[in-house]
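Enquirer: Got a structure for you, questions after.
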Amino acid sequence: MALPILHGVGRCTADPEMRFTPAGTAVCTISLAFNSRRKNAAGEWEDGDVLFIRGTLFRQEAENAAETYARGMEVIVTGRVKLDQWQDKETGQKRSAPSLLIDSIGPSTKYATAAVRKVDRQGAAENGSADPWGSAPPAAGGNYSDEPPF
């Protein structure tokens, strides 16, 4: 059975935390809050239920997220919800909490602007990778632009 997918607009409740596994894989965790805010009969904003969840990203996306996001930023997220389980070291009781394996994350431009910059991936071509972004551009005169299409 597939994990349930969450799509939503949330807010970073803390700065991202970056670490590396013993094998050298980048892992970034981001604490997120999703809430249902609405105007009441008096026209004032009131907060509804809130879901606090910890999101996790891996590899290059983890490094990009750690450099991009900060506490308080509004983000658009897609990910798979899973249940983390562990045993409490102090009491020995089993604990659990929902978490989010983030597939995609981006800044919300509802109340802010964002500047998108393509990550330099030239090192992949030097390592013999088949990565299409790591190769050199075509020879001059070709119909090529290294600018993103947006």
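As shown in the structure tokens, the chain order sets the letters A, B, ...; within each chain, residues go from 1, and ligands are also counted from 1 in the order they appear.
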Which polymer residues have any atom within 12 Å of an atom of Leu101 (chain A), counting only C-alpha atoms, with same-chain residues fewer than 6 positions away left out, as a PDB file with C-alpha atoms, in the first residue's frame?

Expert:
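Here's the written file part.pdb:
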```
ATOM      1  CA  LEU A   3       1.886   6.135   1.673  1.00  0.00           C
ATOM      2  CA  PRO A   4      -0.705   8.949   1.721  1.00  0.00           C
ATOM      3  CA  ILE A   5       0.341  12.094  -0.134  1.00  0.00           C
ATOM      4  CA  LEU A   6       0.083  15.573   1.355  1.00  0.00           C
ATOM      5  CA  HIS A   7      -0.047  18.716  -0.801  1.00  0.00           C
ATOM      6  CA  VAL A  27      19.792  14.938   5.074  1.00  0.00           C
ATOM      7  CA  CYS A  28      17.777  18.070   5.842  1.00  0.00           C
ATOM      8  CA  THR A  29      14.875  18.207   8.284  1.00  0.00           C
ATOM      9  CA  ILE A  30      12.382  21.054   8.234  1.00  0.00           C
ATOM     10  CA  SER A  31       9.707  21.629  10.876  1.00  0.00           C
ATOM     11  CA  ILE A  53       5.001  17.877  11.102  1.00  0.00           C
ATOM     12  CA  ARG A  54       8.706  17.305  10.486  1.00  0.00           C
ATOM     13  CA  GLY A  55       9.719  17.048   6.839  1.00  0.00           C
ATOM     14  CA  THR A  56      12.827  15.313   5.511  1.00  0.00           C
ATOM     15  CA  LEU A  57      14.754  15.814   2.259  1.00  0.00           C
ATOM     16  CA  PHE A  58      17.794  13.977   0.928  1.00  0.00           C
ATOM     17  CA  GLU A  61      17.543  18.739  -2.622  1.00  0.00           C
ATOM     18  CA  ALA A  62      18.447  18.655   1.081  1.00  0.00           C
ATOM     19  CA  VAL A  77       5.076  21.196  -0.165  1.00  0.00           C
ATOM     20  CA  THR A  78       4.286  17.801  -1.647  1.00  0.00           C
ATOM     21  CA  GLY A  79       5.305  14.687   0.202  1.00  0.00           C
ATOM     22  CA  ARG A  80       4.411  11.270   1.547  1.00  0.00           C
ATOM     23  CA  VAL A  81       3.144  11.027   5.123  1.00  0.00           C
ATOM     24  CA  LYS A  82       4.584   8.225   7.241  1.00  0.00           C
ATOM     25  CA  LEU A  83       4.611   7.279  10.911  1.00  0.00           C
ATOM     26  CA  ASP A  84       7.953   7.334  12.734  1.00  0.00           C
TER      27      ASP A  84
END
```

Enquirer: Just list the residues in region 60-114 of chain A DSSP gives strand (DSSP E) on the backbone, as a list of chain:residue names.

Expert: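 DSSP-assigned strand (DSSP E) residues in region 60-114 of chain A: A:Glu74, A:Val75, A:Ile76, A:Val77, A:Thr78, A:Gly79, A:Arg80, A:Val81, A:Lys82, A:Leu83, A:Asp84, A:Gln85, A:Trp86, A:Gln87, A:Lys94, A:Arg95, A:Ser96, A:Ala97, A:Pro98, A:Ser99, A:Leu100, A:Leu101, A:Ile102, A:Asp103, A:Ser104, A:Ile105, A:Gly106, A:Pro107.
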
Enquirer: Tell me, in Å to one decimal, how far CA of Ala66 (chain A) is from CA of Trp86 (chain A).

Expert: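 So the answer is 25.7 Å.
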
Enquirer: What's the separation between CA of Phe52 (chain A) and CA of Glu67 (chain A), in Å to one decimal place?

Expert: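 Atom-to-atom, CA of Phe52 (chain A) to CA of Glu67 (chain A), that is 21.9 Å.
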
Enquirer: What does the structure give for the distance between CA of Gly43 (chain A) and CA of Met73 (chain A), in Å to one decimal?

Expert: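 Those two atoms sit 24.9 Å apart.
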
Enquirer: With only C-alpha atoms as the counted atoms, please give the residues lying no more than 9 Å from Thr109 (chain A), apart from itself and same-chain residues fewer than 3 positions off, as a ChimeraX atom specification.

Expert: /A:74-75,112-114

Enquirer: Emit the selected residues as a PDB file, in the first residue's frame, including C-alpha atoms.

Expert:
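Saved as result-v8.pdb:
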```
ATOM      1  CA  GLU A  74       5.747  30.098   3.699  1.00  0.00           C
ATOM      2  CA  VAL A  75       6.365  27.057   1.476  1.00  0.00           C
ATOM      3  CA  ALA A 112       6.931  37.333  -0.909  1.00  0.00           C
ATOM      4  CA  THR A 113       9.104  37.199  -4.006  1.00  0.00           C
ATOM      5  CA  ALA A 114      11.624  34.488  -4.804  1.00  0.00           C
TER       6      ALA A 114
END
```
